[in-house]
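Trainee: Sharing data.cif (mmCIF, C-alpha atoms) below.
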```cif
data_entry
loop_
_atom_site.label_atom_id
_atom_site.label_comp_id
_atom_site.auth_asym_id
_atom_site.auth_seq_id
_atom_site.Cartn_x
_atom_site.Cartn_y
_atom_site.Cartn_z
CA LEU D 286 221.86 14.31 51.18
CA HIS D 287 224.85 14.22 53.50
CA ALA D 288 228.21 15.98 53.20
CA VAL D 289 231.00 13.43 53.60
CA VAL D 290 233.58 16.16 52.97
CA PRO D 291 231.72 19.50 52.97
CA GLY D 292 232.04 21.31 49.66
CA GLU D 293 233.75 18.35 48.01
CA PHE D 294 232.04 15.00 48.48
CA TYR D 295 228.40 14.11 49.17
CA ARG D 296 226.30 10.99 49.41
CA SER D 297 222.58 10.59 49.03
CA ALA D 298 219.72 8.26 48.38
CA GLN D 299 218.19 8.32 44.92
CA MET D 300 216.68 11.72 44.12
CA ASP D 301 213.86 12.54 41.74
CA ALA D 302 214.77 14.57 38.64
CA PRO D 303 213.90 18.07 39.99
CA GLU D 304 215.72 17.47 43.28
CA LEU D 305 218.80 16.11 41.48
CA HIS D 306 218.85 19.07 39.08
CA ARG D 307 218.57 21.53 41.98
CA THR D 308 221.29 19.76 43.99
CA ILE D 309 223.74 19.71 41.06
CA GLN D 310 223.15 23.42 40.44
CA GLU D 311 223.29 24.55 44.09
CA LEU D 312 226.36 22.50 45.06
CA GLY D 313 228.21 22.68 41.75
CA VAL D 314 228.34 18.90 41.46
CA LYS D 315 230.75 17.78 38.73
CA SER D 316 230.28 13.99 38.91
CA VAL D 317 227.64 11.54 40.08
CA ILE D 318 228.60 7.95 40.86
CA ASP D 319 225.60 5.63 40.87
CA LEU D 320 226.42 2.61 43.05
CA ARG D 321 223.04 0.92 42.64
CA TYR D 322 223.24 -2.62 41.35
CA GLY D 323 220.36 -2.27 38.88
CA LYS D 324 219.69 0.46 36.34
CA GLN D 325 216.55 2.59 36.41
CA ASP D 326 213.63 1.38 34.36
CA PRO D 327 212.66 4.26 32.03
CA ALA D 328 209.01 3.21 32.35
CA GLU D 329 209.12 3.84 36.11
CA VAL D 330 210.61 7.34 36.18
CA GLU D 331 209.82 10.62 34.50
CA LYS D 332 213.46 11.29 33.60
CA LEU D 333 216.51 9.07 34.02
CA GLU D 334 219.13 10.13 36.54
CA GLU D 335 221.83 9.79 33.90
CA ASP D 336 220.01 12.25 31.62
CA VAL D 337 219.54 14.81 34.39
CA VAL D 338 223.22 14.63 35.32
CA ARG D 339 224.41 15.09 31.73
CA GLU D 340 221.93 17.91 31.06
CA ASN D 341 223.60 19.73 33.95
CA SER D 342 227.06 19.29 32.38
CA ALA D 343 228.18 16.82 35.04
CA LYS D 344 229.64 13.36 34.49
CA TYR D 345 227.64 10.24 35.26
CA TYR D 346 229.25 6.94 36.26
CA HIS D 347 227.42 3.70 36.96
CA PHE D 348 229.46 1.45 39.24
CA PRO D 349 227.09 -1.35 40.29
CA MET D 350 227.83 -3.01 43.59
CA LEU D 351 226.03 -4.94 46.29
CA GLY D 352 226.53 -4.00 49.92
CA SER D 353 226.38 -7.69 50.82
CA LYS D 354 229.31 -8.69 48.58
CA GLU D 355 232.96 -7.83 48.99
CA LEU D 356 234.58 -6.08 46.03
CA PRO D 357 237.72 -7.66 44.57
CA PRO D 358 240.84 -5.48 44.89
CA GLU D 359 240.82 -4.41 41.23
CA LYS D 360 237.23 -3.15 41.55
CA ILE D 361 238.12 -1.22 44.70
CA LEU D 362 240.91 0.49 42.76
CA GLU D 363 238.46 1.35 39.95
CA LEU D 364 236.05 2.89 42.46
CA LEU D 365 238.80 4.87 44.17
CA GLU D 366 239.84 6.21 40.77
CA LEU D 367 236.29 7.51 40.22
CA TYR D 368 236.37 9.22 43.62
CA SER D 369 239.57 11.11 42.84
#
```
Could you rewrite the structure in this file as structure tokens?
Mentor:
Amino acid sequence: LHAVVPGEFYRSAQMDAPELHRTIQELGVKSVIDLRYGKQDPAEVEKLEEDVVRENSAKYYHFPMLGSKELPPEKILELLELYS
């Protein structure tokens, strides 16, 4: 977990369910933007990230992207809208 803008904006690698729950509660996270290209396989995890986020009254957004591909301008605008 790294503060991009302390108290406002953070980035992290994927967290397990207890760590995500604790982070949302401790930091007062209101939204989680999942940038991973693929979705989690329910068979591989105890609890889906999306479920943990919603159970903590935060909003979950899945915005799949690949770091190796450039986003078209309209997708960049969509992502910026999520960040605001």
Trainee: Restricting the calculation to only C-alpha atoms, which member of D:Glu334, D:Glu340, D:Glu366, D:Glu355 is positioned closest to Asp301 (chain D)?
Mentor: D:Glu334
Trainee: Quick one: apply the PyMOL selection byres ((chain D and resi 322) around 6) to the file and drop the selected residues here as a list in words.
Mentor: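 Those residues are Arg321, Gly323, Pro349 and Met350 of chain D.
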Trainee: Pick out the residues sitting within 8 Å of Asp319 (chain D), and hand them over as an NGL selection string; count all atoms listed in the file, and ignore anything fewer than 5 positions along from it in its own chain.
Mentor: :D and (345-349)
Trainee: List the neighbours of His306 (chain D) out to 12 Å using all atoms listed in the file; skip same-chain residues closer than 6 positions along the sequence, and give me the result as a VMD selection string.
Mentor: chain D and resid 300 312 to 315 317 332 to 343
Trainee: Rounded to one decimal place, report the CA of Gln310 (chain D)-CA of Ser369 (chain D) distance in Å.
Mentor: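 Value for the CA of Gln310 (chain D)-CA of Ser369 (chain D) distance: 20.7 Å.
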Trainee: Taking into account all atoms listed in the file, which residue in the set D:Ile318, D:Leu362, D:Arg307, D:Gly352 is nearest to Phe294 (chain D)?
Mentor: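 Under the stated criterion, the closest residue is D:Ile318.
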Trainee: In Å to one decimal, how far is CA of Thr308 (chain D) from CA of His287 (chain D)?
Mentor: 11.6 Å
Trainee: Counting all atoms listed in the file, which residue out of D:Ser353, D:Lys344, D:Leu367, D:Pro291 sits closest to Ile309 (chain D)?
Mentor: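 Closest to Ile309 (chain D), using all atoms listed in the file: D:Lys344.
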Trainee: Grab the CA of Leu305 (chain D) to CA of Gly292 (chain D) distance for me, in Å with one decimal place.
Mentor: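 These atoms are spaced 16.4 Å apart.
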Trainee: Pick the closest to Gln299 (chain D) from D:Leu351, D:Leu356, D:Leu286, D:Leu365: which is it, counting only C-alpha atoms?
Mentor: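 Ranked by minimum distance to Gln299 (chain D), first place goes to D:Leu286.
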Trainee: Using 6 Å of padding on each side, determine the axis-aligned box around all atoms of region 350-364 of chain D present in the file and give its centre and edge lengths in Å to one decimal, as AutoDock Vina command-line options.
Mentor:
```
--center_x 233.5 --center_y -2.9 --center_z 45.4 --size_x 26.9 --size_y 23.6 --size_z 22.9
```
Trainee: Give the answer as one residue: which of D:Tyr368, D:Glu363, D:Pro358, D:Asp326 has the shortest atom-to-atom distance to Tyr295 (chain D), using only C-alpha atoms?
Mentor: D:Tyr368
